[in-house]
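*Asks:* File work-v1.pdb below, PDB, C-alpha atoms, pLDDT in the B column:
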```
ATOM      1  CA  MET L   1       3.790   1.509  -6.799  1.00 68.00           C
ATOM      2  CA  THR L   2       1.249  -1.270  -7.124  1.00 70.00           C
ATOM      3  CA  SER L   3       0.905  -3.711  -4.219  1.00 72.00           C
ATOM      4  CA  ASN L   4       2.916  -6.307  -6.188  1.00 82.00           C
ATOM      5  CA  GLN L   5       5.686  -3.781  -6.785  1.00 86.00           C
ATOM      6  CA  THR L   6       5.616  -2.820  -3.112  1.00 90.00           C
ATOM      7  CA  SER L   7       5.891  -6.432  -1.962  1.00 92.00           C
ATOM      8  CA  THR L   8       8.813  -7.002  -4.362  1.00 92.00           C
ATOM      9  CA  TRP L   9      10.502  -3.842  -3.054  1.00 93.00           C
ATOM     10  CA  ALA L  10       9.974  -4.864   0.595  1.00 95.00           C
ATOM     11  CA  PHE L  11      11.224  -8.378  -0.118  1.00 95.00           C
ATOM     12  CA  GLN L  12      14.376  -7.037  -1.758  1.00 93.00           C
ATOM     13  CA  LYS L  13      15.086  -4.654   1.134  1.00 94.00           C
ATOM     14  CA  ILE L  14      14.969  -7.533   3.602  1.00 96.00           C
ATOM     15  CA  ILE L  15      17.295  -9.572   1.380  1.00 95.00           C
ATOM     16  CA  ASP L  16      19.589  -6.533   1.139  1.00 94.00           C
ATOM     17  CA  LYS L  17      19.624  -6.270   4.950  1.00 96.00           C
ATOM     18  CA  ALA L  18      20.804  -9.877   5.150  1.00 96.00           C
ATOM     19  CA  ALA L  19      23.523  -9.093   2.578  1.00 94.00           C
ATOM     20  CA  TYR L  20      24.544  -6.001   4.558  1.00 95.00           C
ATOM     21  CA  ASP L  21      24.887  -7.975   7.785  1.00 96.00           C
ATOM     22  CA  ILE L  22      26.829 -10.754   6.056  1.00 95.00           C
ATOM     23  CA  SER L  23      29.166  -8.300   4.310  1.00 93.00           C
ATOM     24  CA  ALA L  24      30.140  -6.805   7.678  1.00 92.00           C
ATOM     25  CA  SER L  25      30.578 -10.173   9.409  1.00 94.00           C
ATOM     26  CA  SER L  26      33.496 -12.583   9.779  1.00 94.00           C
ATOM     27  CA  ASN L  27      31.846 -14.912   7.244  1.00 94.00           C
ATOM     28  CA  THR L  28      31.227 -12.783   4.141  1.00 92.00           C
ATOM     29  CA  ASP L  29      29.951 -15.625   1.961  1.00 93.00           C
ATOM     30  CA  LEU L  30      26.841 -14.195   0.278  1.00 91.00           C
ATOM     31  CA  ASN L  31      25.759 -17.697  -0.678  1.00 92.00           C
ATOM     32  CA  ARG L  32      24.423 -17.987   2.855  1.00 94.00           C
ATOM     33  CA  ILE L  33      21.781 -15.261   2.417  1.00 94.00           C
ATOM     34  CA  GLU L  34      18.825 -17.665   2.421  1.00 95.00           C
ATOM     35  CA  ASP L  35      20.211 -19.460   5.487  1.00 97.00           C
ATOM     36  CA  TYR L  36      20.613 -16.067   7.152  1.00 97.00           C
ATOM     37  CA  ILE L  37      16.964 -15.257   6.414  1.00 97.00           C
ATOM     38  CA  ARG L  38      15.783 -18.618   7.761  1.00 97.00           C
ATOM     39  CA  HIS L  39      17.796 -18.244  10.949  1.00 97.00           C
ATOM     40  CA  ASN L  40      17.225 -14.543  11.687  1.00 98.00           C
ATOM     41  CA  ALA L  41      13.914 -13.427  10.130  1.00 98.00           C
ATOM     42  CA  PHE L  42      10.309 -13.886  11.225  1.00 98.00           C
ATOM     43  CA  LEU L  43       6.907 -13.354   9.643  1.00 98.00           C
ATOM     44  CA  ALA L  44       5.117 -10.858  11.874  1.00 98.00           C
ATOM     45  CA  THR L  45       1.535 -10.059  12.807  1.00 98.00           C
ATOM     46  CA  ILE L  46       0.845  -7.182  15.198  1.00 98.00           C
ATOM     47  CA  LEU L  47      -2.543  -6.648  16.854  1.00 96.00           C
ATOM     48  CA  LEU L  48      -3.458  -3.246  18.269  1.00 95.00           C
ATOM     49  CA  ASP L  49      -5.139  -3.038  21.646  1.00 92.00           C
ATOM     50  CA  SER L  50      -8.244  -1.315  20.309  1.00 80.00           C
ATOM     51  CA  GLY L  51     -10.821  -2.732  22.697  1.00 80.00           C
ATOM     52  CA  GLY L  52     -13.045  -3.420  19.693  1.00 78.00           C
ATOM     53  CA  THR L  53     -14.042   0.247  19.465  1.00 87.00           C
ATOM     54  CA  PRO L  54     -14.642   1.262  15.821  1.00 92.00           C
ATOM     55  CA  CYS L  55     -12.536   4.086  14.429  1.00 91.00           C
ATOM     56  CA  HIS L  56     -11.799   5.647  11.054  1.00 91.00           C
ATOM     57  CA  ILE L  57      -9.161   3.814   9.056  1.00 90.00           C
ATOM     58  CA  GLY L  58      -6.991   6.933   8.821  1.00 89.00           C
ATOM     59  CA  ASP L  59      -6.917   7.278  12.603  1.00 92.00           C
ATOM     60  CA  ALA L  60      -6.245   3.550  12.917  1.00 92.00           C
ATOM     61  CA  GLN L  61      -3.237   3.805  10.600  1.00 93.00           C
ATOM     62  CA  ARG L  62      -1.819   6.654  12.672  1.00 93.00           C
ATOM     63  CA  ARG L  63      -2.311   4.645  15.846  1.00 94.00           C
ATOM     64  CA  PHE L  64      -0.713   1.552  14.349  1.00 96.00           C
ATOM     65  CA  ASN L  65       2.305   3.451  13.024  1.00 95.00           C
ATOM     66  CA  LYS L  66       2.826   5.145  16.411  1.00 95.00           C
ATOM     67  CA  ALA L  67       2.248   1.966  18.442  1.00 96.00           C
ATOM     68  CA  PHE L  68       4.565  -0.246  16.427  1.00 97.00           C
ATOM     69  CA  GLY L  69       7.196   2.482  16.184  1.00 96.00           C
ATOM     70  CA  LYS L  70       7.128   2.780  19.976  1.00 96.00           C
ATOM     71  CA  TYR L  71       7.348  -0.996  20.431  1.00 97.00           C
ATOM     72  CA  HIS L  72      10.293  -1.223  18.033  1.00 97.00           C
ATOM     73  CA  ALA L  73      12.132   1.639  19.755  1.00 94.00           C
ATOM     74  CA  THR L  74      11.376   0.899  23.417  1.00 93.00           C
ATOM     75  CA  GLU L  75      11.104  -2.879  23.518  1.00 96.00           C
ATOM     76  CA  MET L  76      12.253  -4.840  20.488  1.00 97.00           C
ATOM     77  CA  ARG L  77      15.560  -3.184  19.733  1.00 96.00           C
ATOM     78  CA  LYS L  78      16.488  -2.807  23.418  1.00 95.00           C
ATOM     79  CA  GLN L  79      15.875  -6.510  23.972  1.00 97.00           C
ATOM     80  CA  CYS L  80      18.358  -7.229  21.187  1.00 96.00           C
ATOM     81  CA  LEU L  81      21.204  -5.528  23.042  1.00 90.00           C
ATOM     82  CA  SER L  82      22.934  -7.270  25.926  1.00 82.00           C
ATOM     83  CA  ASN L  83      22.764  -4.226  28.209  1.00 85.00           C
ATOM     84  CA  GLY L  84      19.390  -3.004  26.970  1.00 85.00           C
ATOM     85  CA  LYS L  85      20.828   0.404  26.154  1.00 87.00           C
ATOM     86  CA  VAL L  86      20.659   1.921  22.655  1.00 89.00           C
ATOM     87  CA  THR L  87      23.637   4.073  21.677  1.00 90.00           C
ATOM     88  CA  ARG L  88      24.939   5.605  18.461  1.00 88.00           C
ATOM     89  CA  ARG L  89      27.475   2.777  18.284  1.00 90.00           C
ATOM     90  CA  ASN L  90      25.039  -0.120  18.519  1.00 92.00           C
ATOM     91  CA  LYS L  91      22.036   1.309  16.643  1.00 92.00           C
ATOM     92  CA  LYS L  92      23.370  -0.407  13.522  1.00 93.00           C
ATOM     93  CA  LEU L  93      22.556  -3.746  15.177  1.00 95.00           C
ATOM     94  CA  GLN L  94      18.857  -3.061  15.712  1.00 96.00           C
ATOM     95  CA  PRO L  95      16.347  -5.218  13.806  1.00 97.00           C
ATOM     96  CA  LEU L  96      14.780  -4.077  10.549  1.00 98.00           C
ATOM     97  CA  ALA L  97      11.007  -4.448  10.408  1.00 98.00           C
ATOM     98  CA  PHE L  98       8.533  -3.991   7.572  1.00 98.00           C
ATOM     99  CA  MET L  99       4.877  -3.643   8.538  1.00 97.00           C
ATOM    100  CA  ALA L 100       1.784  -3.230   6.356  1.00 95.00           C
ATOM    101  CA  PHE L 101      -1.453  -1.974   7.897  1.00 94.00           C
ATOM    102  CA  ASP L 102      -4.554  -4.159   7.631  1.00 92.00           C
ATOM    103  CA  ILE L 103      -8.152  -4.361   8.833  1.00 90.00           C
ATOM    104  CA  GLU L 104     -10.671  -7.128   9.306  1.00 86.00           C
ATOM    105  CA  GLY L 105     -12.374  -8.552   6.217  1.00 77.00           C
ATOM    106  CA  THR L 106      -9.737  -7.850   3.552  1.00 73.00           C
ATOM    107  CA  ARG L 107      -8.872 -11.534   3.261  1.00 68.00           C
ATOM    108  CA  HIS L 108     -12.283 -11.951   1.623  1.00 64.00           C
ATOM    109  CA  ASN L 109     -11.985  -8.821  -0.554  1.00 63.00           C
ATOM    110  CA  GLY L 110     -13.907  -6.719   1.918  1.00 62.00           C
ATOM    111  CA  PHE L 111     -13.076  -3.098   2.611  1.00 70.00           C
ATOM    112  CA  ASN L 112     -14.438  -0.429   4.907  1.00 79.00           C
ATOM    113  CA  THR L 113     -13.281   2.975   6.076  1.00 84.00           C
ATOM    114  CA  VAL L 114     -14.138   2.027   9.675  1.00 88.00           C
ATOM    115  CA  THR L 115     -12.303  -0.685  11.585  1.00 91.00           C
ATOM    116  CA  ALA L 116     -12.731  -2.240  15.028  1.00 90.00           C
ATOM    117  CA  HIS L 117      -9.695  -4.540  14.821  1.00 91.00           C
ATOM    118  CA  PRO L 118      -6.754  -2.773  13.143  1.00 93.00           C
ATOM    119  CA  HIS L 119      -3.594  -4.827  12.826  1.00 95.00           C
ATOM    120  CA  GLY L 120      -0.531  -5.269  10.644  1.00 96.00           C
ATOM    121  CA  HIS L 121       1.436  -7.975   8.879  1.00 97.00           C
ATOM    122  CA  GLY L 122       5.025  -8.006   7.701  1.00 98.00           C
ATOM    123  CA  ALA L 123       8.467  -9.288   8.579  1.00 98.00           C
ATOM    124  CA  VAL L 124      11.329  -8.637  10.970  1.00 98.00           C
ATOM    125  CA  ILE L 125      14.982  -9.483  10.350  1.00 98.00           C
ATOM    126  CA  PHE L 126      17.325  -9.509  13.333  1.00 98.00           C
ATOM    127  CA  HIS L 127      21.080  -9.094  13.241  1.00 97.00           C
ATOM    128  CA  GLU L 128      22.691 -12.486  13.791  1.00 97.00           C
ATOM    129  CA  ARG L 129      24.699 -11.093  16.728  1.00 95.00           C
ATOM    130  CA  THR L 130      21.585  -9.939  18.615  1.00 97.00           C
ATOM    131  CA  LEU L 131      18.855 -12.501  17.951  1.00 97.00           C
ATOM    132  CA  ALA L 132      19.873 -14.672  20.928  1.00 97.00           C
ATOM    133  CA  ASN L 133      19.352 -11.687  23.244  1.00 96.00           C
ATOM    134  CA  PHE L 134      15.834 -11.102  21.897  1.00 97.00           C
ATOM    135  CA  GLU L 135      15.004 -14.795  22.195  1.00 97.00           C
ATOM    136  CA  ASP L 136      16.236 -14.914  25.782  1.00 97.00           C
ATOM    137  CA  ALA L 137      14.195 -11.836  26.713  1.00 96.00           C
ATOM    138  CA  ASN L 138      11.049 -13.457  25.288  1.00 98.00           C
ATOM    139  CA  LYS L 139      11.625 -17.136  26.122  1.00 97.00           C
ATOM    140  CA  GLU L 140       8.350 -17.342  28.060  1.00 97.00           C
ATOM    141  CA  PHE L 141       6.496 -16.582  24.801  1.00 98.00           C
ATOM    142  CA  LEU L 142       8.233 -19.255  22.689  1.00 98.00           C
ATOM    143  CA  THR L 143       5.878 -21.408  20.594  1.00 97.00           C
ATOM    144  CA  LEU L 144       6.299 -25.069  19.660  1.00 96.00           C
ATOM    145  CA  GLU L 145       7.102 -24.115  16.057  1.00 95.00           C
ATOM    146  CA  GLY L 146       9.954 -21.825  17.115  1.00 96.00           C
ATOM    147  CA  GLY L 147       8.142 -18.490  16.920  1.00 98.00           C
ATOM    148  CA  TYR L 148       6.934 -16.110  19.607  1.00 98.00           C
ATOM    149  CA  LYS L 149       3.478 -14.944  20.749  1.00 98.00           C
ATOM    150  CA  ILE L 150       4.258 -11.914  22.908  1.00 98.00           C
ATOM    151  CA  SER L 151       1.217 -10.690  24.828  1.00 96.00           C
ATOM    152  CA  ASN L 152       0.711  -7.013  25.677  1.00 96.00           C
ATOM    153  CA  PRO L 153       4.299  -5.836  25.107  1.00 96.00           C
ATOM    154  CA  THR L 154       3.197  -2.183  25.256  1.00 96.00           C
ATOM    155  CA  PRO L 155      -0.048  -0.432  26.248  1.00 93.00           C
ATOM    156  CA  GLY L 156      -0.965   0.060  22.568  1.00 94.00           C
ATOM    157  CA  ILE L 157      -0.329  -3.495  21.326  1.00 97.00           C
ATOM    158  CA  SER L 158      -2.150  -6.626  22.469  1.00 96.00           C
ATOM    159  CA  LEU L 159      -0.050  -9.197  20.605  1.00 97.00           C
ATOM    160  CA  VAL L 160       3.202  -9.540  18.672  1.00 98.00           C
ATOM    161  CA  ASP L 161       3.084 -12.842  16.780  1.00 98.00           C
ATOM    162  CA  LEU L 162       6.362 -13.946  15.150  1.00 98.00           C
ATOM    163  CA  LYS L 163       6.544 -17.031  12.960  1.00 98.00           C
ATOM    164  CA  PRO L 164       9.728 -18.591  11.534  1.00 97.00           C
ATOM    165  CA  VAL L 165      10.610 -18.088   7.870  1.00 97.00           C
ATOM    166  CA  ASN L 166      11.295 -21.338   6.014  1.00 95.00           C
ATOM    167  CA  SER L 167      12.489 -19.994   2.650  1.00 95.00           C
ATOM    168  CA  PHE L 168      12.619 -17.012   0.297  1.00 94.00           C
ATOM    169  CA  GLU L 169       9.249 -18.119  -1.096  1.00 95.00           C
ATOM    170  CA  ASP L 170       7.754 -18.251   2.400  1.00 95.00           C
ATOM    171  CA  LEU L 171       8.851 -14.655   3.033  1.00 96.00           C
ATOM    172  CA  ALA L 172       7.712 -13.391  -0.366  1.00 95.00           C
ATOM    173  CA  ARG L 173       4.268 -14.988  -0.109  1.00 95.00           C
ATOM    174  CA  PHE L 174       3.639 -13.504   3.304  1.00 96.00           C
ATOM    175  CA  LEU L 175       4.706 -10.033   2.178  1.00 96.00           C
ATOM    176  CA  THR L 176       2.306 -10.309  -0.759  1.00 93.00           C
ATOM    177  CA  TYR L 177      -0.435 -11.298   1.655  1.00 93.00           C
ATOM    178  CA  SER L 178       0.534  -8.520   4.061  1.00 94.00           C
ATOM    179  CA  LEU L 179      -0.017  -5.838   1.405  1.00 91.00           C
ATOM    180  CA  LYS L 180      -3.462  -6.966   0.240  1.00 86.00           C
ATOM    181  CA  LEU L 181      -5.058  -3.819   1.693  1.00 85.00           C
ATOM    182  CA  GLU L 182      -2.506  -1.420   0.206  1.00 78.00           C
ATOM    183  CA  GLY L 183      -3.963  -1.613  -3.303  1.00 72.00           C
ATOM    184  CA  LYS L 184      -7.377  -0.558  -2.003  1.00 73.00           C
ATOM    185  CA  LEU L 185      -6.180   2.660  -0.345  1.00 74.00           C
ATOM    186  CA  LYS L 186      -6.951   5.328  -2.915  1.00 71.00           C
ATOM    187  CA  ASN L 187      -7.279   8.690  -1.172  1.00 70.00           C
ATOM    188  CA  ASN L 188      -5.828  10.882   1.541  1.00 67.00           C
ATOM    189  CA  ASP L 189      -8.449   9.720   4.045  1.00 66.00           C
ATOM    190  CA  THR L 190      -7.125   6.181   4.038  1.00 73.00           C
ATOM    191  CA  ASN L 191      -3.469   6.172   3.001  1.00 76.00           C
ATOM    192  CA  TYR L 192      -1.728   7.897   5.915  1.00 80.00           C
ATOM    193  CA  ALA L 193       0.697   5.018   6.470  1.00 80.00           C
ATOM    194  CA  PRO L 194      -0.330   1.833   4.637  1.00 90.00           C
ATOM    195  CA  TYR L 195       3.166   0.395   5.140  1.00 93.00           C
ATOM    196  CA  ASP L 196       6.536   1.405   6.521  1.00 94.00           C
ATOM    197  CA  PHE L 197      10.013   0.240   7.509  1.00 96.00           C
ATOM    198  CA  TYR L 198      11.310   0.567  11.063  1.00 97.00           C
ATOM    199  CA  PRO L 199      13.722   2.160  11.848  1.00 95.00           C
ATOM    200  CA  ALA L 200      13.557   5.035   9.388  1.00 91.00           C
ATOM    201  CA  TRP L 201      16.641   6.382   7.622  1.00 90.00           C
ATOM    202  CA  SER L 202      19.347   7.564  10.001  1.00 88.00           C
ATOM    203  CA  VAL L 203      23.095   8.112   9.858  1.00 90.00           C
ATOM    204  CA  ASP L 204      23.231   5.729  12.823  1.00 91.00           C
ATOM    205  CA  PHE L 205      21.560   2.961  10.801  1.00 93.00           C
ATOM    206  CA  PRO L 206      23.931   2.789   7.806  1.00 92.00           C
ATOM    207  CA  PHE L 207      22.035  -0.034   6.102  1.00 94.00           C
ATOM    208  CA  TRP L 208      19.887   2.568   4.344  1.00 92.00           C
ATOM    209  CA  SER L 209      22.985   3.832   2.492  1.00 89.00           C
ATOM    210  CA  PHE L 210      24.156   0.324   1.618  1.00 86.00           C
ATOM    211  CA  ARG L 211      24.476  -0.689  -2.035  1.00 78.00           C
ATOM    212  CA  ALA L 212      23.787  -4.407  -2.112  1.00 70.00           C
ATOM    213  CA  PRO L 213      26.517  -6.484  -3.814  1.00 69.00           C
ATOM    214  CA  VAL L 214      23.921  -9.006  -5.016  1.00 62.00           C
ATOM    215  CA  PRO L 215      21.539  -8.670  -7.970  1.00 61.00           C
ATOM    216  CA  ALA L 216      17.843  -8.189  -7.344  1.00 65.00           C
ATOM    217  CA  LEU L 217      16.086 -11.463  -6.675  1.00 64.00           C
ATOM    218  CA  SER L 218      12.697 -12.449  -8.027  1.00 58.00           C
ATOM    219  CA  PRO L 219      10.661 -13.016  -4.870  1.00 59.00           C
ATOM    220  CA  LEU L 220       8.410 -15.677  -6.384  1.00 56.00           C
ATOM    221  CA  PRO L 221       8.677 -17.964  -9.404  1.00 46.00           C
ATOM    222  CA  PRO L 222       5.963 -17.075 -11.974  1.00 43.00           C
ATOM    223  CA  ASN L 223       4.013 -20.283 -11.367  1.00 42.00           C
ATOM    224  CA  THR L 224       3.666 -19.622  -7.619  1.00 40.00           C
ATOM    225  CA  THR L 225       2.651 -15.947  -7.655  1.00 40.00           C
ATOM    226  CA  ARG L 226      -1.008 -16.818  -8.144  1.00 41.00           C
ATOM    227  CA  GLY L 227      -0.982 -18.831  -4.930  1.00 44.00           C
ATOM    228  CA  ALA L 228       0.440 -16.044  -2.783  1.00 44.00           C
ATOM    229  CA  THR L 229      -2.884 -14.963  -1.290  1.00 42.00           C
ATOM    230  CA  ASN L 230      -3.948 -18.504  -0.455  1.00 44.00           C
ATOM    231  CA  GLU L 231      -0.572 -19.148   1.149  1.00 40.00           C
ATOM    232  CA  GLY L 232      -0.927 -15.951   3.139  1.00 44.00           C
ATOM    233  CA  GLU L 233      -4.341 -17.063   4.357  1.00 44.00           C
ATOM    234  CA  ARG L 234      -2.854 -20.401   5.436  1.00 43.00           C
ATOM    235  CA  ILE L 235      -0.051 -18.689   7.335  1.00 41.00           C
ATOM    236  CA  TRP L 236      -2.444 -16.249   9.018  1.00 42.00           C
ATOM    237  CA  SER L 237      -4.678 -19.173   9.957  1.00 44.00           C
ATOM    238  CA  LEU L 238      -1.693 -20.777  11.658  1.00 40.00           C
ATOM    239  CA  HIS L 239      -0.922 -17.471  13.372  1.00 40.00           C
ATOM    240  CA  SER L 240      -4.453 -17.408  14.758  1.00 42.00           C
ATOM    241  CA  GLU L 241      -4.432 -20.898  16.270  1.00 39.00           C
ATOM    242  CA  ASP L 242      -4.664 -20.994  20.076  1.00 34.00           C
ATOM    243  CA  CYS L 243      -4.692 -17.172  20.228  1.00 37.00           C
ATOM    244  CA  HIS L 244      -7.795 -16.115  22.163  1.00 34.00           C
ATOM    245  CA  GLN L 245      -7.291 -12.500  21.115  1.00 38.00           C
ATOM    246  CA  CYS L 246      -7.565 -13.231  17.383  1.00 36.00           C
ATOM    247  CA  ARG L 247     -11.123 -13.119  16.083  1.00 31.00           C
ATOM    248  CA  PRO L 248     -12.128 -15.423  13.172  1.00 30.00           C
ATOM    249  CA  ASP L 249     -12.989 -12.459  10.926  1.00 36.00           C
ATOM    250  CA  ARG L 250      -9.535 -10.908  11.157  1.00 35.00           C
ATOM    251  CA  SER L 251      -7.334 -11.213   8.130  1.00 43.00           C
TER
END
```
What would the structure in this file look like if it were written as structure tokens?

*Replies:*
Amino acid sequence: MTSNQTSTWAFQKIIDKAAYDISASSNTDLNRIEDYIRHNAFLATILLDSGGTPCHIGDAQRRFNKAFGKYHATEMRKQCLSNGKVTRRNKKLQPLAFMAFDIEGTRHNGFNTVTAHPHGHGAVIFHERTLANFEDANKEFLTLEGGYKISNPTPGISLVDLKPVNSFEDLARFLTYSLKLEGKLKNNDTNYAPYDFYPAWSVDFPFWSFRAPVPALSPLPPNTTRGATNEGERIWSLHSEDCHQCRPDRS
């Protein structure tokens, strides 16, 4: 898939997750999908704790995939559950996250096979029954805009930065921005894990077998697609404000 096709696919999966949650709720009105996204999804930026030591991009992708997978499994999803315990019965309530790997400089069309500041961008959608638990567990990290800047949640991650989603277009633009590196990864040395969903397919996470009852949505109107990268840069700039761990050259 091209990066545009990937961003459309990721966007649709997040919309489908909202439809899945709604379909299994007491209020099955699918007209509330966009409200569900606004209330339960966040734009996400994840910074690895690399210490600024350069490493090959393939190794960095492996580290990012492992570090975020560990954070999702040991921190994020447990914080969503009232007792902090993950079981086969409540795994279906864990959040769905999409993350795309990135390195410094790609915002300005730069690319290198060595990176000192690997990170990722994407989105997280929480189940409406569990978001309050996550918010309570991270209330000390709440930002004025209603997001969260979670410092050092695991040894491998220095920052989890979550920003509210205002609309379908907001989500789609950020996913397009998130995947700007993906189109540059051309060989087996650099494409170990350019993007992924968390959690992976499992019989205990039945969303992956769900057939959405809504037609595919166009993530962006044709006249706004061209502005996706600029919008992504604006959002990332906002992410970086007052964050002493975010260097100006990160993208």

*Asks:* Can you pull out the residues contacting Glu135 in chain L? Cut-off 12 Å, using only C-alpha atoms, and skip same-chain residues under 5 positions away; I want them as a ChimeraX atom specification.

*Replies:* /L:40,42,76-77,79-82,126,128-130,140-143,146-150,162

*Asks:* Grab the CA of Ala123 in chain L to CA of Leu179 in chain L distance for me, in Å with one decimal place.

*Replies:*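 Separating CA of Ala123 in chain L from CA of Leu179 in chain L is a distance of 11.6 Å.
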
*Asks:* In Å, how far is it from CA of Gln12 in chain L to CA of Asp29 in chain L?

*Replies:*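 Going from CA of Gln12 in chain L over to CA of Asp29 in chain L covers 18.2 Å.
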
*Asks:* Convert the output of the PyMOL selection byres ((chain L and resi 206) around 12) on the shown file into explicit residues, formatted as a list in words.

*Replies:*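 On the file shown, the PyMOL selection byres ((chain L and resi 206) around 12) covers Lys17, Tyr20, Asp21, Ala24, Arg88, Arg89, Asn90, Lys91, Lys92, Leu93, Gln94, Leu96, Pro199, Ala200, Trp201, Ser202, Val203, Asp204, Phe205, Phe207, Trp208, Ser209, Phe210 and Arg211 of chain L.
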
*Asks:* As an exercise, work out the distance from CA of Thr6 in chain L to CA of Asn152 in chain L in Å and give it to one decimal place.

*Replies:* 29.5 Å

*Asks:* In terms of the shortest atom-to-atom distance over only C-alpha atoms, which of L:Arg62, L:Lys13, L:Lys78, L:His119 is closest to Ala97 in chain L?

*Replies:* L:Lys13

*Asks:* I'd like to know which of L:Val160, L:Ser3, L:Ala172, L:Pro118 is closest to Gly58 in chain L, using only C-alpha atoms.

*Replies:* L:Pro118

*Asks:* Identify which of the residues L:Phe134, L:Ser50, L:Ala212, L:Asp170 lies closest to Leu30 in chain L, counting all atoms listed in the file when measuring atom-to-atom distances.

*Replies:*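 Using all atoms listed in the file, Leu30 in chain L sits closest to L:Ala212.
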
*Asks:* Taking all atoms of range 89-108 of chain L that the file lists and extending 4 Å past them on each side, where is the centre of the axis-aligned box and how long are its edges? Answer in Å to one decimal, as AutoDock Vina command-line options.

*Replies:*
```
--center_x 7.6 --center_y -4.6 --center_z 10.1 --size_x 47.8 --size_y 22.7 --size_z 24.9
```
